[in-house]
>>> print(open('work-v6.txt').read())   # compact mmCIF, C-alpha atoms (C1' of nucleotides)
# COMPACT_ATOMS: atom_id res chain seq x y z
CA MET G 1 0.00 0.00 0.00
CA ALA G 2 1.32 3.42 -0.89
CA THR G 3 1.75 5.43 2.29
CA ALA G 4 4.29 7.88 0.97
CA THR G 5 1.92 10.81 0.43
CA LEU G 6 -0.65 10.16 3.11
CA THR G 7 0.07 13.55 4.56
CA THR G 8 -0.67 15.26 1.28
CA ASP G 9 -3.90 13.31 0.81
CA LYS G 10 -5.61 14.96 3.76
CA ARG G 11 -4.45 18.34 2.62
CA GLN G 12 -5.79 17.75 -0.84
CA ALA G 13 -9.07 16.42 0.47
CA ILE G 14 -9.50 19.64 2.44
CA MET G 15 -8.73 21.77 -0.60
CA GLU G 16 -11.12 19.83 -2.81
CA ALA G 17 -13.89 20.13 -0.25
CA THR G 18 -13.22 23.86 0.07
CA LEU G 19 -13.44 24.41 -3.67
CA ASP G 20 -16.71 22.54 -3.85
CA LEU G 21 -18.38 24.17 -0.87
CA VAL G 22 -17.30 27.72 -1.64
CA SER G 23 -18.64 27.35 -5.16
CA LYS G 24 -21.93 26.06 -3.76
CA HIS G 25 -22.44 28.25 -0.68
CA GLY G 26 -19.97 31.12 -1.00
CA PHE G 27 -17.35 32.12 1.54
CA GLU G 28 -19.92 33.16 4.10
CA GLY G 29 -21.90 29.96 3.93
CA THR G 30 -18.86 27.71 4.15
CA SER G 31 -17.88 26.98 7.74
CA THR G 32 -14.72 25.18 8.75
CA ALA G 33 -16.84 22.47 10.35
CA LEU G 34 -18.54 21.86 7.01
CA ILE G 35 -15.23 21.71 5.16
CA ALA G 36 -13.82 19.20 7.66
CA LYS G 37 -16.92 17.03 7.40
CA GLU G 38 -16.95 17.07 3.60
CA ALA G 39 -13.24 16.18 3.54
CA ASN G 40 -13.75 13.34 6.06
CA VAL G 41 -11.28 14.99 8.35
CA GLY G 42 -11.34 16.30 11.91
CA MET G 43 -11.35 19.96 12.75
CA GLY G 44 -7.93 19.63 14.29
CA THR G 45 -6.51 18.22 11.07
CA LEU G 46 -7.74 21.18 9.10
CA TYR G 47 -5.90 23.51 11.46
CA ARG G 48 -2.83 21.32 11.26
CA TYR G 49 -2.53 22.06 7.55
CA PHE G 50 -3.87 25.60 7.42
CA GLU G 51 -3.25 28.30 9.98
CA THR G 52 -6.61 30.00 9.57
CA LYS G 53 -9.67 29.80 7.38
CA GLU G 54 -8.47 32.90 5.55
CA GLU G 55 -5.09 31.29 4.91
CA LEU G 56 -6.83 28.24 3.45
CA PHE G 57 -8.81 30.42 1.05
CA LYS G 58 -5.71 32.37 0.12
CA GLU G 59 -3.75 29.21 -0.68
CA MET G 60 -6.66 27.94 -2.77
CA PHE G 61 -6.68 31.21 -4.67
CA ILE G 62 -2.96 31.16 -5.36
CA HIS G 63 -3.21 27.53 -6.46
CA GLN G 64 -6.05 28.27 -8.86
CA ARG G 65 -4.34 31.33 -10.25
CA GLU G 66 -1.26 29.24 -10.99
CA LYS G 67 -3.43 26.83 -12.96
CA LEU G 68 -4.79 29.79 -14.91
CA ILE G 69 -1.31 31.06 -15.70
CA GLY G 70 -0.29 27.53 -16.69
CA ILE G 71 -3.09 27.40 -19.26
CA ILE G 72 -2.05 30.72 -20.73
CA ILE G 73 1.57 29.62 -20.99
CA SER G 74 0.57 26.30 -22.57
CA GLY G 75 -1.20 28.28 -25.27
CA ILE G 76 1.94 30.24 -25.96
CA VAL G 77 4.46 27.41 -26.00
CA GLY G 78 2.07 25.05 -27.80
CA GLY G 79 2.41 24.18 -31.48
CA GLU G 80 1.14 27.50 -32.85
CA THR G 81 3.69 29.52 -34.77
CA THR G 82 1.83 32.78 -35.42
CA ILE G 83 0.92 35.27 -32.73
CA TYR G 84 -2.74 35.02 -33.70
CA GLY G 85 -2.49 31.25 -33.48
CA GLN G 86 -1.19 31.51 -29.94
CA PHE G 87 -3.86 34.05 -29.07
CA ALA G 88 -6.61 31.78 -30.40
CA ALA G 89 -5.10 28.80 -28.56
CA ILE G 90 -5.24 30.68 -25.26
CA VAL G 91 -8.82 31.82 -25.80
CA ARG G 92 -9.88 28.30 -26.74
CA ALA G 93 -8.03 26.66 -23.83
CA LEU G 94 -9.42 29.05 -21.23
CA THR G 95 -12.97 28.77 -22.54
CA THR G 96 -12.81 24.98 -22.59
CA TYR G 97 -11.19 24.68 -19.19
CA TYR G 98 -13.48 27.04 -17.28
CA THR G 99 -16.61 25.78 -19.00
CA ASN G 100 -15.81 22.33 -17.66
CA HIS G 101 -14.38 23.50 -14.34
CA ARG G 102 -17.10 25.75 -13.03
CA VAL G 103 -16.14 25.45 -9.38
CA GLU G 104 -12.58 26.56 -10.10
CA PHE G 105 -13.84 29.51 -12.11
CA GLU G 106 -16.36 30.56 -9.50
CA PHE G 107 -13.81 30.33 -6.74
CA LEU G 108 -11.41 32.61 -8.60
CA GLN G 109 -14.16 35.12 -9.38
CA ARG G 110 -15.59 35.09 -5.85
CA TYR G 111 -12.20 35.52 -4.28
CA SER G 112 -11.16 38.32 -6.61
CA ASP G 113 -14.25 40.34 -5.72
CA SER G 114 -14.24 39.49 -2.02
CA SER G 115 -12.77 41.38 0.88
CA TYR G 116 -10.24 38.55 1.30
CA MET G 117 -8.44 39.91 -1.74
CA LYS G 118 -5.70 42.08 -0.36
CA GLU G 119 -4.25 44.40 -2.96
CA SER G 120 -0.87 44.28 -1.29
CA TYR G 121 0.31 40.71 -1.76
CA LEU G 122 -1.83 39.90 -4.76
CA ASP G 123 -0.98 42.03 -7.75
CA GLU G 124 -3.16 39.80 -9.86
CA SER G 125 -2.82 41.37 -13.24
CA ALA G 126 0.92 41.86 -12.94
CA ILE G 127 1.45 38.12 -12.52
CA ILE G 128 -0.96 37.07 -15.23
CA LEU G 129 0.29 39.79 -17.51
CA SER G 130 3.90 38.64 -17.63
CA PRO G 131 3.34 35.91 -20.25
CA ILE G 132 0.94 38.22 -22.11
CA ALA G 133 3.39 41.11 -22.11
CA HIS G 134 5.83 38.81 -23.86
CA ILE G 135 3.39 38.32 -26.70
CA LEU G 136 2.62 42.01 -26.96
CA SER G 137 6.29 42.93 -27.27
CA SER G 138 6.98 40.43 -30.04
CA GLY G 139 6.97 42.04 -33.47
CA GLY G 140 3.80 41.33 -35.43
CA GLU G 141 3.49 40.02 -38.95
CA ASP G 142 0.84 42.05 -40.71
CA PHE G 143 -0.63 43.75 -37.66
CA ARG G 144 0.34 45.78 -34.64
CA PHE G 145 -1.24 46.05 -31.22
CA LYS G 146 -3.22 49.16 -30.51
CA ALA G 147 -1.47 52.00 -28.74
CA LEU G 148 -3.19 51.29 -25.43
CA PRO G 149 -1.71 50.37 -22.03
CA THR G 150 -0.96 46.68 -21.59
CA HIS G 151 -3.46 46.48 -18.76
CA ILE G 152 -6.21 47.79 -21.03
CA ILE G 153 -5.33 45.39 -23.84
CA PHE G 154 -5.49 42.56 -21.35
CA ALA G 155 -8.79 43.77 -19.91
CA MET G 156 -10.34 43.92 -23.36
CA VAL G 157 -9.73 40.20 -23.83
CA TYR G 158 -10.05 38.89 -20.30
CA GLY G 159 -13.18 40.93 -19.46
CA PRO G 160 -15.41 39.58 -22.22
CA MET G 161 -14.12 36.06 -21.64
CA ILE G 162 -15.20 36.14 -18.01
CA SER G 163 -18.63 37.42 -18.96
CA ILE G 164 -19.04 34.81 -21.69
CA ILE G 165 -17.97 31.92 -19.46
CA GLN G 166 -20.53 33.07 -16.92
CA LEU G 167 -23.18 32.98 -19.65
CA LEU G 168 -22.14 29.44 -20.53
CA HIS G 169 -22.48 28.36 -16.91
CA GLN G 170 -25.90 29.95 -16.63
CA GLU G 171 -26.77 28.15 -19.87
CA LYS G 172 -27.97 31.40 -21.38
CA VAL G 173 -25.99 30.45 -24.48
CA THR G 174 -24.28 27.38 -25.89
CA MET G 175 -20.92 27.71 -27.56
CA THR G 176 -20.33 26.35 -31.05
CA ASP G 177 -16.99 26.16 -32.82
CA GLU G 178 -18.03 28.86 -35.28
CA MET G 179 -19.12 31.17 -32.48
CA LEU G 180 -15.87 30.74 -30.63
CA GLU G 181 -13.96 31.42 -33.85
CA SER G 182 -16.01 34.53 -34.50
CA ILE G 183 -15.53 35.76 -30.93
CA THR G 184 -11.80 35.07 -31.02
CA LEU G 185 -11.43 37.06 -34.21
CA SER G 186 -13.51 39.89 -32.78
CA LEU G 187 -11.36 40.08 -29.68
CA TRP G 188 -8.23 39.99 -31.79
CA ASN G 189 -9.54 42.81 -33.97
CA SER G 190 -10.41 44.85 -30.91
CA ILE G 191 -6.79 44.93 -29.72
CA THR G 192 -4.88 45.08 -33.02
CA GLU G 193 -4.93 47.08 -36.24
CA GLN G 194 -3.90 46.09 -39.74
CA ARG G 195 -0.59 47.40 -40.97
CA MET K 1 -38.27 73.90 9.12
CA ALA K 2 -38.75 71.01 6.71
CA THR K 3 -39.95 68.00 8.61
CA ALA K 4 -41.75 66.32 5.74
CA THR K 5 -39.24 63.55 4.94
CA LEU K 6 -37.79 62.85 8.36
CA THR K 7 -38.81 59.22 8.06
CA THR K 8 -36.92 58.77 4.81
CA ASP K 9 -33.78 60.33 6.25
CA LYS K 10 -33.07 57.44 8.61
CA ARG K 11 -33.69 54.96 5.87
CA GLN K 12 -31.34 56.77 3.55
CA ALA K 13 -28.69 57.11 6.23
CA ILE K 14 -28.79 53.34 6.70
CA MET K 15 -28.47 52.72 2.97
CA GLU K 16 -25.58 55.14 2.63
CA ALA K 17 -23.75 53.56 5.54
CA THR K 18 -24.34 50.12 4.04
CA LEU K 19 -22.92 51.12 0.68
CA ASP K 20 -19.84 52.57 2.31
CA LEU K 21 -19.15 49.73 4.70
CA VAL K 22 -19.76 46.92 2.23
CA SER K 23 -17.40 48.56 -0.20
CA LYS K 24 -14.78 48.83 2.54
CA HIS K 25 -15.19 45.55 4.43
CA GLY K 26 -17.29 43.33 2.20
CA PHE K 27 -20.55 41.64 3.14
CA GLU K 28 -18.87 39.39 5.67
CA GLY K 29 -17.11 42.18 7.49
CA THR K 30 -20.15 44.42 7.67
CA SER K 31 -22.27 43.71 10.75
CA THR K 32 -25.65 45.25 11.40
CA ALA K 33 -24.22 46.81 14.55
CA LEU K 34 -21.60 48.56 12.45
CA ILE K 35 -24.15 49.79 9.94
CA ALA K 36 -26.37 51.17 12.69
CA LYS K 37 -23.45 52.93 14.32
CA GLU K 38 -22.21 54.45 11.05
CA ALA K 39 -25.73 55.65 10.24
CA ASN K 40 -26.16 57.14 13.73
CA VAL K 41 -29.18 54.98 14.26
CA GLY K 42 -30.25 52.39 16.79
CA MET K 43 -30.18 48.70 15.98
CA GLY K 44 -33.95 48.56 16.27
CA THR K 45 -34.39 51.35 13.74
CA LEU K 46 -32.51 49.33 11.15
CA TYR K 47 -34.96 46.49 11.61
CA ARG K 48 -37.88 48.89 11.44
CA TYR K 49 -36.91 49.75 7.86
CA PHE K 50 -35.49 46.44 6.68
CA GLU K 51 -36.78 42.99 7.52
CA THR K 52 -33.37 41.32 7.57
CA LYS K 53 -29.78 42.12 6.75
CA GLU K 54 -30.14 40.15 3.55
CA GLU K 55 -33.21 42.16 2.58
CA LEU K 56 -31.26 45.38 3.14
CA PHE K 57 -28.53 44.19 0.81
CA LYS K 58 -31.07 43.06 -1.76
CA GLU K 59 -32.80 46.46 -1.77
CA MET K 60 -29.46 48.20 -2.12
CA PHE K 61 -28.66 45.98 -5.08
CA ILE K 62 -31.96 46.63 -6.82
CA HIS K 63 -31.56 50.35 -6.20
CA GLN K 64 -28.05 50.40 -7.67
CA ARG K 65 -29.07 48.32 -10.64
CA GLU K 66 -31.86 50.76 -11.40
CA LYS K 67 -29.33 53.58 -11.42
CA LEU K 68 -27.24 51.56 -13.87
CA ILE K 69 -30.19 50.99 -16.17
CA GLY K 70 -31.06 54.67 -15.90
CA ILE K 71 -27.62 55.63 -17.16
CA ILE K 72 -27.92 53.28 -20.11
CA ILE K 73 -31.33 54.65 -21.03
CA SER K 74 -30.08 58.24 -20.71
CA GLY K 75 -27.42 57.40 -23.26
CA ILE K 76 -30.06 56.14 -25.66
CA VAL K 77 -32.60 58.93 -25.32
CA GLY K 78 -29.91 61.63 -25.17
CA GLY K 79 -29.14 63.93 -28.07
CA GLU K 80 -27.29 61.37 -30.19
CA THR K 81 -28.97 60.52 -33.47
CA THR K 82 -26.79 57.67 -34.77
CA ILE K 83 -26.61 54.24 -33.22
CA TYR K 84 -22.88 54.59 -32.78
CA GLY K 85 -23.41 57.96 -31.13
CA GLN K 86 -25.76 56.37 -28.62
CA PHE K 87 -23.35 53.50 -28.06
CA ALA K 88 -20.49 55.91 -27.39
CA ALA K 89 -22.66 57.98 -25.08
CA ILE K 90 -23.48 54.91 -22.99
CA VAL K 91 -19.85 53.83 -22.77
CA ARG K 92 -18.78 57.33 -21.79
CA ALA K 93 -21.55 57.79 -19.22
CA LEU K 94 -20.91 54.43 -17.54
CA THR K 95 -17.16 54.96 -17.42
CA THR K 96 -17.52 58.42 -15.94
CA TYR K 97 -20.15 57.44 -13.42
CA TYR K 98 -18.45 54.35 -12.06
CA THR K 99 -15.03 55.92 -12.03
CA ASN K 100 -16.38 58.58 -9.70
CA HIS K 101 -18.71 56.25 -7.78
CA ARG K 102 -16.43 53.46 -6.74
CA VAL K 103 -18.51 52.30 -3.80
CA GLU K 104 -21.59 51.89 -5.99
CA PHE K 105 -19.58 49.93 -8.53
CA GLU K 106 -17.98 47.68 -5.96
CA PHE K 107 -21.30 46.99 -4.29
CA LEU K 108 -22.85 45.89 -7.58
CA GLN K 109 -19.86 43.68 -8.42
CA ARG K 110 -19.66 42.15 -4.95
CA TYR K 111 -23.35 41.41 -4.84
CA SER K 112 -23.42 39.89 -8.32
CA ASP K 113 -20.69 37.42 -7.40
CA SER K 114 -21.93 36.71 -3.89
CA SER K 115 -24.15 33.95 -2.63
CA TYR K 116 -26.82 36.56 -1.91
CA MET K 117 -27.48 36.69 -5.63
CA LYS K 118 -30.41 34.42 -6.22
CA GLU K 119 -30.70 33.47 -9.86
CA SER K 120 -34.46 33.15 -9.48
CA TYR K 121 -35.68 36.69 -8.88
CA LEU K 122 -32.71 38.50 -10.37
CA ASP K 123 -32.32 37.84 -14.05
CA GLU K 124 -29.71 40.57 -14.23
CA SER K 125 -28.81 40.49 -17.84
CA ALA K 126 -32.42 40.18 -18.99
CA ILE K 127 -33.33 43.44 -17.29
CA ILE K 128 -30.26 45.34 -18.38
CA LEU K 129 -30.52 43.88 -21.84
CA SER K 130 -33.97 45.22 -22.61
CA PRO K 131 -32.80 48.73 -23.55
CA ILE K 132 -29.79 47.23 -25.33
CA ALA K 133 -31.89 44.79 -27.28
CA HIS K 134 -33.82 47.76 -28.61
CA ILE K 135 -30.62 49.18 -30.08
CA LEU K 136 -29.58 45.88 -31.57
CA SER K 137 -32.89 45.43 -33.34
CA SER K 138 -32.82 48.88 -34.92
CA GLY K 139 -31.61 48.81 -38.53
CA GLY K 140 -28.05 50.06 -38.93
CA GLU K 141 -26.72 52.69 -41.28
CA ASP K 142 -23.50 51.37 -42.79
CA PHE K 143 -22.99 48.46 -40.41
CA ARG K 144 -24.72 45.44 -39.00
CA PHE K 145 -24.31 43.66 -35.69
CA LYS K 146 -22.44 40.38 -35.74
CA ALA K 147 -24.45 37.19 -35.95
CA LEU K 148 -23.94 36.36 -32.28
CA PRO K 149 -26.47 35.87 -29.47
CA THR K 150 -27.58 39.12 -27.82
CA HIS K 151 -26.13 37.95 -24.51
CA ILE K 152 -22.72 37.53 -26.12
CA ILE K 153 -22.82 40.92 -27.83
CA PHE K 154 -23.67 42.46 -24.48
CA ALA K 155 -20.92 40.53 -22.69
CA MET K 156 -18.36 41.71 -25.22
CA VAL K 157 -19.04 45.31 -24.27
CA TYR K 158 -19.95 45.03 -20.61
CA GLY K 159 -17.12 42.60 -19.75
CA PRO K 160 -14.24 44.82 -20.84
CA MET K 161 -15.87 47.87 -19.30
CA ILE K 162 -16.00 46.22 -15.89
CA SER K 163 -12.36 45.20 -16.15
CA ILE K 164 -11.29 48.67 -17.27
CA ILE K 165 -13.21 50.45 -14.51
CA GLN K 166 -11.50 48.17 -12.00
CA LEU K 167 -8.14 49.19 -13.46
CA LEU K 168 -9.07 52.85 -13.08
CA HIS K 169 -9.99 52.30 -9.44
CA GLN K 170 -6.71 50.51 -8.78
CA GLU K 171 -4.97 53.41 -10.52
CA LYS K 172 -3.16 51.01 -12.80
CA VAL K 173 -4.11 53.29 -15.68
CA THR K 174 -5.51 56.77 -16.13
CA MET K 175 -8.12 57.39 -18.77
CA THR K 176 -7.68 60.09 -21.38
CA ASP K 177 -10.27 61.25 -23.87
CA GLU K 178 -8.32 59.73 -26.77
CA MET K 179 -8.02 56.40 -24.97
CA LEU K 180 -11.73 56.28 -24.25
CA GLU K 181 -12.47 57.12 -27.88
CA SER K 182 -10.11 54.40 -29.06
CA ILE K 183 -11.61 51.86 -26.67
CA THR K 184 -15.16 52.79 -27.64
CA LEU K 185 -14.36 52.31 -31.31
CA SER K 186 -12.65 48.99 -30.59
CA LEU K 187 -15.66 47.72 -28.70
CA TRP K 188 -17.95 48.89 -31.46
CA ASN K 189 -15.83 47.13 -34.06
CA SER K 190 -15.83 43.95 -32.01
CA ILE K 191 -19.63 43.65 -32.17
CA THR K 192 -20.35 45.02 -35.66
CA GLU K 193 -19.15 44.52 -39.21
CA GLN K 194 -19.08 46.94 -42.12
CA ARG K 195 -21.72 46.53 -44.75
C1' DC V 1 -53.79 78.44 27.04
C1' DT V 2 -52.63 74.40 29.60
C1' DT V 3 -52.90 69.64 30.73
C1' DT V 4 -53.40 64.97 29.65
C1' DG V 5 -53.41 60.88 26.77
C1' DC V 6 -51.80 58.46 22.91
C1' DG V 7 -49.50 56.46 18.76
C1' DG V 8 -45.53 55.17 16.89
C1' DA V 9 -40.58 56.20 15.74
C1' DG V 10 -36.51 55.20 17.94
C1' DT V 11 -33.42 52.68 21.06
C1' DG V 12 -29.83 49.28 22.76
C1' DA V 13 -29.15 45.63 26.18
C1' DA V 14 -30.00 40.95 25.96
C1' DC V 15 -30.67 36.41 23.61
C1' DG V 16 -29.83 32.36 21.18
C1' DC V 17 -26.98 30.66 18.02
C1' DT V 18 -23.10 29.86 14.95
C1' DC V 19 -18.67 30.58 14.08
C1' DA V 20 -13.43 30.02 13.91
C1' DC V 21 -10.32 28.04 16.54
C1' DT V 22 -8.12 25.09 20.65
C1' DC V 23 -6.82 21.32 23.34
C1' DC V 24 -6.25 16.99 24.82
C1' DG V 25 -7.20 12.05 24.57
C1' DT V 26 -6.67 8.30 21.16
C1' DC V 27 -4.72 5.71 17.72
C1' DT V 28 -1.08 4.21 14.61
C1' DA V 29 3.35 3.17 12.80
C1' DA V 30 8.08 2.27 13.68
C1' DT S 1 7.44 2.30 24.05
C1' DT S 2 6.92 6.54 22.02
C1' DA S 3 6.34 10.42 18.81
C1' DG S 4 3.31 12.66 16.24
C1' DA S 5 -0.87 12.51 13.23
C1' DC S 6 -5.55 12.86 14.03
C1' DG S 7 -10.42 13.59 15.77
C1' DG S 8 -13.98 16.16 17.69
C1' DA S 9 -16.10 18.07 21.91
C1' DG S 10 -15.41 22.33 23.92
C1' DT S 11 -14.81 27.57 24.18
C1' DG S 12 -15.47 32.31 23.92
C1' DA S 13 -16.29 35.91 20.76
C1' DG S 14 -19.35 37.98 17.73
C1' DC S 15 -23.27 37.64 14.93
C1' DG S 16 -28.29 38.84 13.45
C1' DT S 17 -32.35 39.70 15.55
C1' DT S 18 -35.77 40.93 19.23
C1' DC S 19 -38.48 43.41 22.55
C1' DA S 20 -39.53 46.09 26.53
C1' DC S 21 -39.01 50.49 26.99
C1' DT S 22 -38.33 55.88 26.22
C1' DC S 23 -39.38 59.96 24.07
C1' DC S 24 -41.72 63.31 21.38
C1' DG S 25 -45.31 65.75 18.78
C1' DC S 26 -49.94 66.38 18.41
C1' DA S 27 -54.83 66.31 19.45
C1' DA S 28 -58.57 66.25 22.53
C1' DA S 29 -60.26 67.76 27.02
C1' DG S 30 -60.71 71.06 30.45
>>> encode(input="work-v6.txt", output="structure tokens")
Amino acid sequence: MATATLTTDKRQAIMEATLDLVSKHGFEGTSTALIAKEANVGMGTLYRYFETKEELFKEMFIHQREKLIGIIISGIVGGETTIYGQFAAIVRALTTYYTNHRVEFEFLQRYSDSSYMKESYLDESAIILSPIAHILSSGGEDFRFKALPTHIIFAMVYGPMISIIQLLHQEKVTMTDEMLESITLSLWNSITEQR
Amino acid sequence: MATATLTTDKRQAIMEATLDLVSKHGFEGTSTALIAKEANVGMGTLYRYFETKEELFKEMFIHQREKLIGIIISGIVGGETTIYGQFAAIVRALTTYYTNHRVEFEFLQRYSDSSYMKESYLDESAIILSPIAHILSSGGEDFRFKALPTHIIFAMVYGPMISIIQLLHQEKVTMTDEMLESITLSLWNSITEQR
DNA sequence: CTTTGCGGAGTGAACGCTCACTCCGTCTAA
DNA sequence: TTAGACGGAGTGAGCGTTCACTCCGCAAAG
């Protein structure tokens, strides 16, 4: 029997339960007792792995944000050779991932808009922007990026994506390949101009 | 001495305190005791005007959303004669208003992503969409709207605006007239195509 | 004009409850 | 045997909400 990572198992069980419950009941409705119960773990164990409830949420947030950044980077270093190809790959990957991982998406959104989010240690956009900034600096082929601050360029892609993923979760719309292609092109056109 | 609206004063003081405190400390960090204190009102008075804390938040939300819809409608029925003119007026009005009314903006955002938000009685987009849908249905001049669901069209304008207003609040960027014009045109181009 | 009675807005200490967090006994593996 | 992982009842603080009471302006009575 594999006992090597028993310690990690409990920790992971707690994190999985947290993700699930926060998505369902929000931060307010999720008590530590409930998390412990859902994770089949005692209260004491929870506080063995996480100093406070807030710390647990913070670690979850950082973990989820790293996944997000990983997806963006995968899109960049994937097979695509053109900048637009990489851009489309990122849009597609994020849409697919967060459509199928609603709890992860909702956790990120909830945390970002909650009072837990301290501006000091979490310069969200700066961290996510670093791979993006790399793209923006690379010389284009037959286009150039609009003369707008990097933050704005990012917001003009990330903003609509968040809204659209929320629509998908609410089942207000269903996404087809053609729609996604059309949206991707629209977003691309909104941040670039033809040379 | 004007004593006509004394009753409303207390109610308004409570709502103003709520807006302020929720923006500062979030829903979780805002206790009814704190609200009452900030509004210079007894605990009992709060419960004379609002059935529960949740009800107070809900009324605040509905009130703020009505303001939002009012701004959109003002943009439509304002002096602008072209569809693009109306579109630009709405974008400008919303940006200006929420840049200068951070607490209102943050309250709306927080509430929308919180567990207070019941999908049942608050079909947010449906209500906000009604004035927008009117624009979309009107025949264009030298353009037509992209063949995408109304919800998506809306999300592609509203999404980036939210993100950009957040950037302005965080003082990551400062908005100039030229930037706003450029952004407005970009958003317009992302939802329309030339005929 | 003055006194008395009354309705209801306003109050805040008190209540019951839930919460995050602690502490110590138990169990397990070496 | 023993160290430390683990469980969960216990704890006190803080929460939303209540309710018995005060206070004030006005109207009717004298």
>>> interface_residues(input="work-v6.txt", of="chain K", to="chain V", cutoff="8 Å", atoms="all atoms listed in the file", output="PDB file with C-alpha atoms, in the coordinates of the input")
ATOM      1  CA  GLY K  42     -30.250  52.390  16.790  1.00  0.00           C
ATOM      2  CA  MET K  43     -30.180  48.700  15.980  1.00  0.00           C
ATOM      3  CA  GLY K  44     -33.950  48.560  16.270  1.00  0.00           C
ATOM      4  CA  THR K  45     -34.390  51.350  13.740  1.00  0.00           C
TER       5      THR K  45
END
>>> atom_distance(input="work-v6.txt", atom1="atom CA of K:Ala33", atom2="atom CA of K:Thr18")
11.0 Å
>>> interface_residues(input="work-v6.txt", of="chain K", to="chain G", cutoff="8 Å", atoms="all atoms listed in the file", output="compact mmCIF listing (two decimals) with C-alpha atoms, in the frame of the given file")
# COMPACT_ATOMS: atom_id res chain seq x y z
CA LYS K 24 -14.78 48.83 2.54
CA HIS K 25 -15.19 45.55 4.43
CA GLY K 26 -17.29 43.33 2.20
CA GLU K 28 -18.87 39.39 5.67
CA GLY K 29 -17.11 42.18 7.49
CA GLN K 109 -19.86 43.68 -8.42
CA ARG K 110 -19.66 42.15 -4.95
CA ASP K 113 -20.69 37.42 -7.40
CA SER K 114 -21.93 36.71 -3.89
CA SER K 115 -24.15 33.95 -2.63
CA LEU K 148 -23.94 36.36 -32.28
CA PRO K 149 -26.47 35.87 -29.47
CA HIS K 151 -26.13 37.95 -24.51
CA ILE K 152 -22.72 37.53 -26.12
CA ALA K 155 -20.92 40.53 -22.69
CA MET K 156 -18.36 41.71 -25.22
CA VAL K 157 -19.04 45.31 -24.27
CA TYR K 158 -19.95 45.03 -20.61
CA GLY K 159 -17.12 42.60 -19.75
CA PRO K 160 -14.24 44.82 -20.84
CA MET K 161 -15.87 47.87 -19.30
CA ILE K 162 -16.00 46.22 -15.89
CA SER K 163 -12.36 45.20 -16.15
CA ILE K 164 -11.29 48.67 -17.27
CA LEU K 167 -8.14 49.19 -13.46
CA LYS K 172 -3.16 51.01 -12.80
CA VAL K 173 -4.11 53.29 -15.68
CA MET K 179 -8.02 56.40 -24.97
CA SER K 186 -12.65 48.99 -30.59
CA LEU K 187 -15.66 47.72 -28.70
CA ASN K 189 -15.83 47.13 -34.06
CA SER K 190 -15.83 43.95 -32.01
CA ILE K 191 -19.63 43.65 -32.17
>>> axis_aligned_box(input="work-v6.txt", around="stretch 5-21 of chain V", padding_each_side="3 Å", output="AutoDock Vina command-line options")
--center_x -31.9 --center_y 44.5 --center_z 20.3 --size_x 49.1 --size_y 38.8 --size_z 18.9
>>> interface_residues(input="work-v6.txt", of="chain S", to="chain G", cutoff="8 Å", atoms="all atoms listed in the file", output="ChimeraX atom specification")
/S:6-8
>>> atom_distance(input="work-v6.txt", atom1="atom CA of K:Ile69", atom2="atom CA of K:Gly85")
17.8 Å
>>> atom_distance(input="work-v6.txt", atom1="atom CA of K:Arg11", atom2="atom CA of K:Ala39")
9.1 Å
>>> residues_around(input="work-v6.txt", residues="K:Ile90", least_positions_apart="3", cutoff="9 Å", atoms="all atoms listed in the file", output="short mmCIF file (atom, residue, chain, number, x, y, z; two decimals) with C-alpha atoms, in the frame of the given file")
data_model
loop_
_atom_site.label_atom_id
_atom_site.label_comp_id
_atom_site.auth_asym_id
_atom_site.auth_seq_id
_atom_site.Cartn_x
_atom_site.Cartn_y
_atom_site.Cartn_z
CA ILE K 71 -27.62 55.63 -17.16
CA ILE K 72 -27.92 53.28 -20.11
CA ILE K 73 -31.33 54.65 -21.03
CA SER K 74 -30.08 58.24 -20.71
CA GLY K 75 -27.42 57.40 -23.26
CA ILE K 76 -30.06 56.14 -25.66
CA GLY K 85 -23.41 57.96 -31.13
CA GLN K 86 -25.76 56.37 -28.62
CA PHE K 87 -23.35 53.50 -28.06
CA ALA K 93 -21.55 57.79 -19.22
CA LEU K 94 -20.91 54.43 -17.54
CA THR K 95 -17.16 54.96 -17.42
#
>>> residues_around(input="work-v6.txt", residues="G:Ile135", least_positions_apart="3", cutoff="10 Å", atoms="all atoms listed in the file", output="mmCIF file with C-alpha atoms, in the coordinates of the input")
data_model
loop_
_atom_site.group_PDB
_atom_site.id
_atom_site.type_symbol
_atom_site.label_atom_id
_atom_site.label_comp_id
_atom_site.auth_asym_id
_atom_site.auth_seq_id
_atom_site.Cartn_x
_atom_site.Cartn_y
_atom_site.Cartn_z
ATOM 1 C CA ILE G 76 1.940 30.240 -25.960
ATOM 2 C CA ILE G 83 0.920 35.270 -32.730
ATOM 3 C CA TYR G 84 -2.740 35.020 -33.700
ATOM 4 C CA GLN G 86 -1.190 31.510 -29.940
ATOM 5 C CA PHE G 87 -3.860 34.050 -29.070
ATOM 6 C CA LEU G 129 0.290 39.790 -17.510
ATOM 7 C CA SER G 130 3.900 38.640 -17.630
ATOM 8 C CA PRO G 131 3.340 35.910 -20.250
ATOM 9 C CA ILE G 132 0.940 38.220 -22.110
ATOM 10 C CA SER G 138 6.980 40.430 -30.040
ATOM 11 C CA GLY G 139 6.970 42.040 -33.470
ATOM 12 C CA GLY G 140 3.800 41.330 -35.430
#
>>> decode(input="work-v6.txt", residues="stretch 3-9 of chain V", atoms="C-alpha atoms (C1' of nucleotides)", output="compact mmCIF listing (two decimals), in the first residue's frame")
# COMPACT_ATOMS: atom_id res chain seq x y z
C1' DT V 3 -52.90 69.64 30.73
C1' DT V 4 -53.40 64.97 29.65
C1' DG V 5 -53.41 60.88 26.77
C1' DC V 6 -51.80 58.46 22.91
C1' DG V 7 -49.50 56.46 18.76
C1' DG V 8 -45.53 55.17 16.89
C1' DA V 9 -40.58 56.20 15.74
